[in-house]
>>> print(open('upload.cif').read())   # mmCIF, C-alpha atoms and all ligand atoms; chains and numbers go by the auth columns
data_start
#
loop_
_atom_site.group_PDB
_atom_site.id
_atom_site.type_symbol
_atom_site.label_atom_id
_atom_site.label_comp_id
_atom_site.label_asym_id
_atom_site.label_seq_id
_atom_site.Cartn_x
_atom_site.Cartn_y
_atom_site.Cartn_z
_atom_site.B_iso_or_equiv
_atom_site.auth_seq_id
_atom_site.auth_asym_id
ATOM 1 C CA MET A 1 118.520 120.614 76.791 0.00 171 A
ATOM 2 C CA VAL A 2 119.087 117.877 74.245 0.00 172 A
ATOM 3 C CA ASN A 3 122.694 116.744 74.009 0.00 173 A
ATOM 4 C CA ASN A 4 123.516 115.747 70.452 0.00 174 A
ATOM 5 C CA ASP A 5 127.020 114.499 71.231 0.00 175 A
ATOM 6 C CA SER A 6 127.833 112.413 68.169 0.00 176 A
ATOM 7 C CA ASN A 7 130.554 110.443 70.009 0.00 177 A
ATOM 8 C CA TRP A 8 127.828 108.034 71.032 0.00 178 A
ATOM 9 C CA ALA A 9 127.526 105.425 68.316 0.00 179 A
ATOM 10 C CA LYS A 10 124.279 103.516 67.933 0.00 180 A
ATOM 11 C CA ASP A 11 124.211 100.128 69.639 0.00 181 A
ATOM 12 C CA ALA A 12 123.513 96.739 68.052 0.00 182 A
ATOM 13 C CA ALA A 13 119.768 97.380 68.323 0.00 183 A
ATOM 14 C CA GLY A 14 120.222 100.639 66.399 0.00 184 A
ATOM 15 C CA LEU A 15 119.505 102.757 69.468 0.00 185 A
ATOM 16 C CA PRO A 16 121.278 106.083 70.080 0.00 186 A
ATOM 17 C CA GLY A 17 123.607 106.369 73.094 0.00 187 A
ATOM 18 C CA PRO A 18 123.079 108.107 76.448 0.00 188 A
ATOM 19 C CA ALA A 19 124.392 111.457 75.230 0.00 189 A
ATOM 20 C CA SER A 20 122.479 113.519 77.826 0.00 190 A
ATOM 21 C CA PHE A 21 123.648 111.279 80.680 0.00 191 A
ATOM 22 C CA ALA A 22 126.480 113.752 81.248 0.00 192 A
ATOM 23 C CA ASN A 23 123.816 116.386 82.032 0.00 193 A
ATOM 24 C CA ILE A 24 122.933 114.629 85.293 0.00 194 A
ATOM 25 C CA GLY A 25 126.385 115.530 86.638 0.00 195 A
ATOM 26 C CA ASN A 26 127.845 118.872 87.594 0.00 196 A
ATOM 27 C CA ALA A 27 125.113 121.031 86.156 0.00 197 A
ATOM 28 C CA HIS A 28 122.614 119.420 88.523 0.00 198 A
ATOM 29 C CA ASN A 29 124.678 119.131 91.671 0.00 199 A
ATOM 30 C CA SER A 30 123.584 122.322 93.361 0.00 200 A
ATOM 31 C CA ILE A 31 119.878 121.495 93.222 0.00 201 A
ATOM 32 C CA SER A 32 119.805 117.709 93.346 0.00 202 A
ATOM 33 C CA GLN A 33 118.033 116.060 96.260 0.00 203 A
ATOM 34 C CA MET A 34 119.292 112.688 95.055 0.00 204 A
ATOM 35 C CA LEU A 35 122.483 110.791 95.776 0.00 205 A
ATOM 36 C CA TRP A 36 124.619 109.756 92.813 0.00 206 A
ATOM 37 C CA PRO A 37 123.371 106.139 92.657 0.00 207 A
ATOM 38 C CA GLU A 38 119.796 107.440 92.802 0.00 208 A
ATOM 39 C CA ARG A 39 120.337 109.793 89.895 0.00 209 A
ATOM 40 C CA VAL A 40 121.978 107.054 87.854 0.00 210 A
ATOM 41 C CA LEU A 41 119.137 104.667 88.691 0.00 211 A
ATOM 42 C CA VAL A 42 116.418 107.183 87.741 0.00 212 A
ATOM 43 C CA TYR A 43 118.211 107.924 84.479 0.00 213 A
ATOM 44 C CA SER A 44 118.754 104.227 83.726 0.00 214 A
ATOM 45 C CA SER A 45 115.210 103.168 84.466 0.00 215 A
ATOM 46 C CA VAL A 46 113.819 105.767 82.059 0.00 216 A
ATOM 47 C CA PHE A 47 116.478 105.097 79.423 0.00 217 A
ATOM 48 C CA GLY A 48 115.904 101.350 79.702 0.00 218 A
ATOM 49 C CA LEU A 49 112.126 101.168 80.126 0.00 219 A
ATOM 50 C CA ARG A 50 111.420 103.954 77.596 0.00 220 A
ATOM 51 C CA PRO A 51 108.153 105.158 79.146 0.00 221 A
ATOM 52 C CA LYS A 52 105.793 107.287 77.069 0.00 222 A
ATOM 53 C CA ARG A 53 104.316 109.193 80.019 0.00 223 A
ATOM 54 C CA CYS A 54 106.192 109.821 83.285 0.00 224 A
ATOM 55 C CA LEU A 55 104.645 111.166 86.481 0.00 225 A
ATOM 56 C CA GLU A 56 106.652 112.880 89.196 0.00 226 A
ATOM 57 C CA ILE A 57 105.025 113.609 92.557 0.00 227 A
ATOM 58 C CA GLY A 58 107.318 116.099 94.321 0.00 228 A
ATOM 59 C CA THR A 59 109.566 118.206 92.096 0.00 229 A
ATOM 60 C CA PHE A 60 110.990 120.899 94.403 0.00 230 A
ATOM 61 C CA GLN A 61 113.934 122.493 92.528 0.00 231 A
ATOM 62 C CA GLY A 62 113.699 120.078 89.620 0.00 232 A
ATOM 63 C CA GLY A 63 116.762 117.922 90.291 0.00 233 A
ATOM 64 C CA SER A 64 115.051 114.625 89.506 0.00 234 A
ATOM 65 C CA ALA A 65 112.944 116.180 86.726 0.00 235 A
ATOM 66 C CA LEU A 66 116.172 117.220 84.969 0.00 236 A
ATOM 67 C CA VAL A 67 117.426 113.629 85.198 0.00 237 A
ATOM 68 C CA ILE A 68 114.161 112.175 83.884 0.00 238 A
ATOM 69 C CA VAL A 69 114.065 114.598 80.944 0.00 239 A
ATOM 70 C CA ALA A 70 117.749 113.924 80.136 0.00 240 A
ATOM 71 C CA ALA A 71 116.861 110.244 79.748 0.00 241 A
ATOM 72 C CA LEU A 72 113.714 110.992 77.716 0.00 242 A
ATOM 73 C CA ASP A 73 115.809 113.217 75.445 0.00 243 A
ATOM 74 C CA ASP A 74 118.203 110.323 74.851 0.00 244 A
ATOM 75 C CA VAL A 75 115.286 107.977 74.144 0.00 245 A
ATOM 76 C CA GLY A 76 113.930 110.617 71.773 0.00 246 A
ATOM 77 C CA GLU A 77 110.344 110.651 73.010 0.00 247 A
ATOM 78 C CA GLY A 78 108.162 110.732 76.099 0.00 248 A
ATOM 79 C CA LYS A 79 106.826 113.384 78.425 0.00 249 A
ATOM 80 C CA LEU A 80 106.947 114.220 82.115 0.00 250 A
ATOM 81 C CA ILE A 81 104.134 115.607 84.233 0.00 251 A
ATOM 82 C CA CYS A 82 105.316 117.138 87.524 0.00 252 A
ATOM 83 C CA VAL A 83 102.884 117.552 90.421 0.00 253 A
ATOM 84 C CA ASP A 84 103.990 119.816 93.275 0.00 254 A
ATOM 85 C CA PRO A 85 102.026 122.503 95.144 0.00 255 A
ATOM 86 C CA PHE A 86 105.211 124.469 95.883 0.00 256 A
ATOM 87 C CA PRO A 87 107.729 123.911 93.064 0.00 257 A
ATOM 88 C CA LYS A 88 110.966 125.886 93.265 0.00 258 A
ATOM 89 C CA VAL A 89 112.341 125.344 89.769 0.00 259 A
ATOM 90 C CA THR A 90 114.245 128.376 88.482 0.00 260 A
ATOM 91 C CA PRO A 91 113.236 129.697 85.040 0.00 261 A
ATOM 92 C CA GLU A 92 116.726 128.742 83.828 0.00 262 A
ATOM 93 C CA ASN A 93 116.274 125.107 84.848 0.00 263 A
ATOM 94 C CA TRP A 94 112.675 124.977 83.648 0.00 264 A
ATOM 95 C CA ALA A 95 113.886 126.099 80.207 0.00 265 A
ATOM 96 C CA LYS A 96 116.043 122.935 80.085 0.00 266 A
ATOM 97 C CA ILE A 97 113.036 120.613 80.482 0.00 267 A
ATOM 98 C CA SER A 98 109.981 122.534 79.312 0.00 268 A
ATOM 99 C CA HIS A 99 110.095 120.858 75.878 0.00 269 A
ATOM 100 C CA ARG A 100 108.987 117.623 77.590 0.00 270 A
ATOM 101 C CA ALA A 101 107.714 118.657 81.032 0.00 271 A
ATOM 102 C CA THR A 102 104.447 120.132 82.313 0.00 272 A
ATOM 103 C CA MET A 103 104.081 121.450 85.859 0.00 273 A
ATOM 104 C CA ILE A 104 100.808 120.981 87.699 0.00 274 A
ATOM 105 C CA GLN A 105 101.092 123.229 90.709 0.00 275 A
ATOM 106 C CA ALA A 106 98.737 121.374 93.018 0.00 276 A
ATOM 107 C CA MET A 107 98.583 118.603 95.600 0.00 277 A
ATOM 108 C CA SER A 108 98.751 114.897 94.992 0.00 278 A
ATOM 109 C CA PRO A 109 96.635 112.869 94.978 0.00 279 A
ATOM 110 C CA GLU A 110 93.857 115.393 94.240 0.00 280 A
ATOM 111 C CA ALA A 111 95.644 116.655 91.097 0.00 281 A
ATOM 112 C CA LEU A 112 96.466 113.255 89.594 0.00 282 A
ATOM 113 C CA GLY A 113 93.361 113.231 87.355 0.00 283 A
ATOM 114 C CA LEU A 114 94.511 116.581 85.960 0.00 284 A
ATOM 115 C CA ALA A 115 97.970 115.101 85.502 0.00 285 A
ATOM 116 C CA GLU A 116 96.546 112.210 83.474 0.00 286 A
ATOM 117 C CA THR A 117 94.636 114.668 81.275 0.00 287 A
ATOM 118 C CA ALA A 118 97.772 116.778 80.788 0.00 288 A
ATOM 119 C CA ALA A 119 99.733 113.668 79.809 0.00 289 A
ATOM 120 C CA GLY A 120 97.067 112.609 77.313 0.00 290 A
ATOM 121 C CA GLY A 121 96.770 109.155 78.861 0.00 291 A
ATOM 122 C CA LYS A 122 97.795 106.956 81.734 0.00 292 A
ATOM 123 C CA PHE A 123 101.367 106.790 83.024 0.00 293 A
ATOM 124 C CA ASP A 124 103.767 103.907 82.495 0.00 294 A
ATOM 125 C CA TRP A 125 106.434 105.245 84.882 0.00 295 A
ATOM 126 C CA ALA A 126 106.164 107.220 88.139 0.00 296 A
ATOM 127 C CA LEU A 127 108.492 108.670 90.762 0.00 297 A
ATOM 128 C CA ILE A 128 106.890 109.248 94.161 0.00 298 A
ATOM 129 C CA ASP A 129 108.907 111.793 96.163 0.00 299 A
ATOM 130 C CA GLY A 130 106.321 114.100 97.761 0.00 300 A
ATOM 131 C CA GLY A 131 105.371 113.953 101.439 0.00 301 A
ATOM 132 C CA HIS A 132 107.377 111.254 103.240 0.00 302 A
ATOM 133 C CA ASP A 133 105.121 110.543 106.220 0.00 303 A
ATOM 134 C CA TYR A 134 103.218 107.244 106.242 0.00 304 A
ATOM 135 C CA ASP A 135 99.814 108.714 105.302 0.00 305 A
ATOM 136 C CA SER A 136 101.220 110.781 102.415 0.00 306 A
ATOM 137 C CA LEU A 137 103.062 107.785 100.984 0.00 307 A
ATOM 138 C CA VAL A 138 99.906 105.643 101.134 0.00 308 A
ATOM 139 C CA ARG A 139 97.725 108.418 99.665 0.00 309 A
ATOM 140 C CA ASP A 140 100.178 109.141 96.844 0.00 310 A
ATOM 141 C CA LEU A 141 100.587 105.487 95.944 0.00 311 A
ATOM 142 C CA GLU A 142 96.882 104.582 96.119 0.00 312 A
ATOM 143 C CA GLY A 143 96.087 107.789 94.210 0.00 313 A
ATOM 144 C CA THR A 144 98.656 106.956 91.543 0.00 314 A
ATOM 145 C CA MET A 145 97.504 103.392 90.840 0.00 315 A
ATOM 146 C CA PRO A 146 94.288 104.428 89.000 0.00 316 A
ATOM 147 C CA VAL A 147 96.239 106.714 86.649 0.00 317 A
ATOM 148 C CA LEU A 148 98.759 104.027 85.676 0.00 318 A
ATOM 149 C CA GLU A 149 98.787 101.996 82.492 0.00 319 A
ATOM 150 C CA ASN A 150 97.981 98.293 82.935 0.00 320 A
ATOM 151 C CA LYS A 151 101.723 97.734 83.246 0.00 321 A
ATOM 152 C CA ALA A 152 103.938 100.356 84.828 0.00 322 A
ATOM 153 C CA TYR A 153 106.904 100.954 87.123 0.00 323 A
ATOM 154 C CA ILE A 154 106.943 103.084 90.256 0.00 324 A
ATOM 155 C CA LEU A 155 110.098 104.417 91.943 0.00 325 A
ATOM 156 C CA PHE A 156 109.977 105.545 95.567 0.00 326 A
ATOM 157 C CA HIS A 157 112.625 107.965 96.801 0.00 327 A
ATOM 158 C CA ASP A 158 113.780 108.055 100.444 0.00 328 A
ATOM 159 C CA ALA A 159 112.731 104.435 100.771 0.00 329 A
ATOM 160 C CA HIS A 160 115.176 104.049 103.687 0.00 330 A
ATOM 161 C CA TYR A 161 113.053 106.514 105.681 0.00 331 A
ATOM 162 C CA ILE A 162 111.096 104.563 108.244 0.00 332 A
ATOM 163 C CA ASP A 163 107.601 105.809 107.294 0.00 333 A
ATOM 164 C CA VAL A 164 108.214 105.174 103.599 0.00 334 A
ATOM 165 C CA GLU A 165 109.541 101.691 104.338 0.00 335 A
ATOM 166 C CA ARG A 166 106.582 100.864 106.572 0.00 336 A
ATOM 167 C CA GLY A 167 104.083 102.325 104.097 0.00 337 A
ATOM 168 C CA LEU A 168 105.549 100.348 101.208 0.00 338 A
ATOM 169 C CA ASN A 169 105.601 97.089 103.151 0.00 339 A
ATOM 170 C CA ASP A 170 101.901 97.581 103.980 0.00 340 A
ATOM 171 C CA MET A 171 101.028 98.533 100.396 0.00 341 A
ATOM 172 C CA TYR A 172 102.837 95.512 98.913 0.00 342 A
ATOM 173 C CA TYR A 173 100.886 93.312 101.301 0.00 343 A
ATOM 174 C CA LYS A 174 97.540 95.014 100.510 0.00 344 A
ATOM 175 C CA HIS A 175 97.721 95.389 96.715 0.00 345 A
ATOM 176 C CA ARG A 176 98.509 92.305 94.687 0.00 346 A
ATOM 177 C CA GLU A 177 98.939 94.549 91.618 0.00 347 A
ATOM 178 C CA LEU A 178 102.255 95.636 93.139 0.00 348 A
ATOM 179 C CA THR A 179 105.403 93.536 92.988 0.00 349 A
ATOM 180 C CA ASP A 180 108.341 94.658 95.087 0.00 350 A
ATOM 181 C CA LEU A 181 111.458 94.740 92.910 0.00 351 A
ATOM 182 C CA GLY A 182 113.428 95.759 95.971 0.00 352 A
ATOM 183 C CA MET A 183 115.763 98.512 97.099 0.00 353 A
ATOM 184 C CA LEU A 184 117.840 99.241 94.008 0.00 354 A
ATOM 185 C CA SER A 185 119.886 102.079 95.497 0.00 355 A
ATOM 186 C CA MET A 186 121.388 101.139 98.829 0.00 356 A
ATOM 187 C CA PRO A 187 123.298 104.226 100.103 0.00 357 A
ATOM 188 C CA ARG A 188 121.541 106.106 102.880 0.00 358 A
ATOM 189 C CA VAL A 189 122.052 109.324 104.787 0.00 359 A
ATOM 190 C CA ALA A 190 121.775 109.561 108.578 0.00 360 A
ATOM 191 C CA ASP A 191 119.353 112.207 109.868 0.00 361 A
ATOM 192 C CA ALA A 192 121.565 114.618 111.814 0.00 362 A
ATOM 193 C CA GLY A 193 118.920 115.318 114.461 0.00 363 A
ATOM 194 C CA ASN A 194 117.451 111.826 114.847 0.00 364 A
ATOM 195 C CA PRO A 195 119.772 108.932 115.600 0.00 365 A
ATOM 196 C CA GLY A 196 118.706 105.734 113.848 0.00 366 A
ATOM 197 C CA ILE A 197 116.702 107.571 111.173 0.00 367 A
ATOM 198 C CA TYR A 198 117.945 107.403 107.571 0.00 368 A
ATOM 199 C CA TRP A 199 117.009 109.033 104.277 0.00 369 A
ATOM 200 C CA GLY A 200 117.784 108.217 100.665 0.00 370 A
ATOM 201 C CA GLY A 201 117.335 104.980 98.788 0.00 371 A
ATOM 202 C CA ILE A 202 115.176 104.054 95.834 0.00 372 A
ATOM 203 C CA ARG A 203 112.837 101.093 95.975 0.00 373 A
ATOM 204 C CA VAL A 204 111.059 100.035 92.814 0.00 374 A
ATOM 205 C CA ALA A 205 107.646 98.425 92.226 0.00 375 A
ATOM 206 C CA ARG A 206 106.196 96.818 89.144 0.00 376 A
ATOM 207 C CA PHE A 207 102.475 97.458 88.711 0.00 377 A
ATOM 208 C CA ASP A 208 100.281 94.945 86.851 0.00 378 A
ATOM 209 C CA ARG A 209 96.587 95.815 86.795 0.00 379 A
ATOM 210 C CA ARG A 210 94.400 92.757 87.479 0.00 380 A
ATOM 211 C CA SER A 211 91.025 92.949 85.769 0.00 381 A
HETATM 212 C C1 LIG B . 112.046 115.944 98.514 0.00 401 A
HETATM 213 S S1 LIG B . 111.278 117.195 97.575 0.00 401 A
HETATM 214 C C2 LIG B . 111.325 116.519 95.934 0.00 401 A
HETATM 215 C C3 LIG B . 112.708 116.456 95.385 0.00 401 A
HETATM 216 C C4 LIG B . 112.822 116.123 93.916 0.00 401 A
HETATM 217 N N1 LIG B . 112.079 114.923 93.552 0.00 401 A
HETATM 218 C C5 LIG B . 114.290 115.923 93.548 0.00 401 A
HETATM 219 O O1 LIG B . 114.783 114.788 93.671 0.00 401 A
HETATM 220 O O2 LIG B . 114.929 116.886 93.158 0.00 401 A
HETATM 221 C C6 LIG B . 109.605 117.020 98.027 0.00 401 A
HETATM 222 C C7 LIG B . 108.624 117.912 97.300 0.00 401 A
HETATM 223 O O3 LIG B . 107.328 117.333 97.470 0.00 401 A
HETATM 224 C C8 LIG B . 106.388 118.344 97.461 0.00 401 A
HETATM 225 N N2 LIG B . 105.143 117.836 98.047 0.00 401 A
HETATM 226 C C9 LIG B . 104.803 117.719 99.351 0.00 401 A
HETATM 227 N N3 LIG B . 103.555 117.229 99.459 0.00 401 A
HETATM 228 C C10 LIG B . 103.104 117.031 98.187 0.00 401 A
HETATM 229 C C11 LIG B . 101.889 116.546 97.639 0.00 401 A
HETATM 230 N N4 LIG B . 100.839 116.159 98.404 0.00 401 A
HETATM 231 N N5 LIG B . 101.767 116.486 96.292 0.00 401 A
HETATM 232 C C12 LIG B . 102.810 116.853 95.494 0.00 401 A
HETATM 233 N N6 LIG B . 103.970 117.319 95.966 0.00 401 A
HETATM 234 C C13 LIG B . 104.121 117.401 97.288 0.00 401 A
HETATM 235 C C14 LIG B . 107.041 119.490 98.233 0.00 401 A
HETATM 236 O O4 LIG B . 106.450 120.730 97.871 0.00 401 A
HETATM 237 C C15 LIG B . 108.502 119.349 97.805 0.00 401 A
HETATM 238 O O5 LIG B . 108.797 120.261 96.769 0.00 401 A
#
>>> encode(input="upload.cif", output="structure tokens", more="lines below")
Ligand SMILES: C[S@@+](CC[C@H](N)C(=O)[O-])C[C@H]1O[C@@H](n2cnc3c(N)ncnc32)[C@H](O)[C@@H]1O
Amino acid sequence: MVNNDSNWAKDAAGLPGPASFANIGNAHNSISQMLWPERVLVYSSVFGLRPKRCLEIGTFQGGSALVIVAALDDVGEGKLICVDPFPKVTPENWAKISHRATMIQAMSPEALGLAETAAGGKFDWALIDGGHDYDSLVRDLEGTMPVLENKAYILFHDAHYIDVERGLNDMYYKHRELTDLGMLSMPRVADAGNPGIYWGGIRVARFDRRS
């Protein structure tokens, strides 16, 4: 749903304001898997980086996809390819993003070639939020790197979770194409059944392909 709120004047660079930013609020609360700072960060990274092709691994009910598309709507261009074998997006919510989003109902990383084809090219922005165990994180990240543009950004959700943290530390050490930009959303949520285990957090990587 594009928000054409004309209260947002253009800035000094002539760019339109974040009119759809308000959409990431109440309308999304019931389905969002993301904390407030995470939603704001996802929105801001898309609104600021202005990617042409976004990849999302792990869509579930579409909470983050709605945020990504709100930012793309405010930029005025760009598309989102969602990869999830078991998406649970209601028709009502899908109608809000279908003008920019395509769902590939299949597993990452096997479906990432299909995702690239659906996008019409390689991705310059990705959110990895699928399986959160160590092996899934490594598979998703190493499967995503070949379908990225030479320069791209990757956001990792639940980066406070121990397997994601460990996987990312190993991947930053292994792949010199990846630069750790750090944990850019600090709040975390304690796992009710597992003392010392935390969820939430967004860590960001810059990807620079070395030839
Ligand atoms: C935490 S939810 C995603 C939440 C969503 N990004 C949001 O913020 O609203 C994780 C999703 O990842 C999906 N998933 C699990 N393994 C996957 C895989 N190998 N490839 C793609 N999606 C996967 C699950 O089906 C589930 O819907």
>>> residues_near_ligand(input="upload.cif", ligand="ligand LIG 401 (chain A)", cutoff="6 Å", atoms="only C-alpha atoms and all ligand atoms", output="ChimeraX atom specification")
/A:202-204,227-234,253-257,277-278,299-301
>>> atom_distance(input="upload.cif", atom1="atom CA of A:Pro279", atom2="atom CA of A:Ile298")
10.9 Å
>>> closest_residue(input="upload.cif", among="A:Arg220, A:His327, A:Lys180, A:Arg270", to="A:His302", atoms="only C-alpha atoms")
A:His327
>>> atom_distance(input="upload.cif", atom1="atom CA of A:Glu208", atom2="atom CA of A:Ala281")
25.9 Å
>>> residues_around(input="upload.cif", residues="stretch 338-343 of chain A", least_positions_apart="6", cutoff="12 Å", atoms="all atoms listed in the file", output="count of residues only")
33
>>> atom_distance(input="upload.cif", atom1="atom CA of A:Glu262", atom2="atom CA of A:Ser215")
25.6 Å
>>> closest_residue(input="upload.cif", among="A:Glu286, A:Glu280, A:Asp244, A:Glu335", to="A:Ala192", atoms="all atoms listed in the file")
A:Asp244
>>> closest_residue(input="upload.cif", among="A:Ala296, A:Ile238, A:Val259, A:Ala265", to="A:Val216", atoms="all atoms listed in the file")
A:Ile238
>>> closest_residue(input="upload.cif", among="A:Val239, A:Asp378, A:Val359, A:Ala322", to="A:Leu219", atoms="only C-alpha atoms")
A:Ala322
>>> residues_near_point(input="upload.cif", point="(102.8, 109.2, 82.9)", cutoff="6 Å", atoms="only C-alpha atoms", output="list of chain:residue names")
A:Arg223, A:Cys224, A:Leu225, A:Lys292, A:Phe293, A:Asp294, A:Trp295
>>> closest_residue(input="upload.cif", among="A:Tyr323, A:Trp264, A:Trp206, A:Tyr213", to="A:Val245", atoms="only C-alpha atoms")
A:Tyr213
>>> closest_residue(input="upload.cif", among="A:Ala189, A:Ala183, A:Leu205, A:Ala276", to="A:Arg358", atoms="all atoms listed in the file")
A:Leu205
>>> residues_around(input="upload.cif", residues="A:Ser268", least_positions_apart="2", cutoff="10 Å", atoms="all atoms listed in the file", output="PDB file with C-alpha atoms, in the coordinates of the input")
ATOM      1  CA  MET A 171     118.520 120.614  76.791  1.00  0.00           C
ATOM      2  CA  LEU A 236     116.172 117.220  84.969  1.00  0.00           C
ATOM      3  CA  VAL A 239     114.065 114.598  80.944  1.00  0.00           C
ATOM      4  CA  LYS A 249     106.826 113.384  78.425  1.00  0.00           C
ATOM      5  CA  LEU A 250     106.947 114.220  82.115  1.00  0.00           C
ATOM      6  CA  PRO A 261     113.236 129.697  85.040  1.00  0.00           C
ATOM      7  CA  ASN A 263     116.274 125.107  84.848  1.00  0.00           C
ATOM      8  CA  TRP A 264     112.675 124.977  83.648  1.00  0.00           C
ATOM      9  CA  ALA A 265     113.886 126.099  80.207  1.00  0.00           C
ATOM     10  CA  LYS A 266     116.043 122.935  80.085  1.00  0.00           C
ATOM     11  CA  ARG A 270     108.987 117.623  77.590  1.00  0.00           C
ATOM     12  CA  ALA A 271     107.714 118.657  81.032  1.00  0.00           C
ATOM     13  CA  THR A 272     104.447 120.132  82.313  1.00  0.00           C
ATOM     14  CA  MET A 273     104.081 121.450  85.859  1.00  0.00           C
TER      15      MET A 273
END
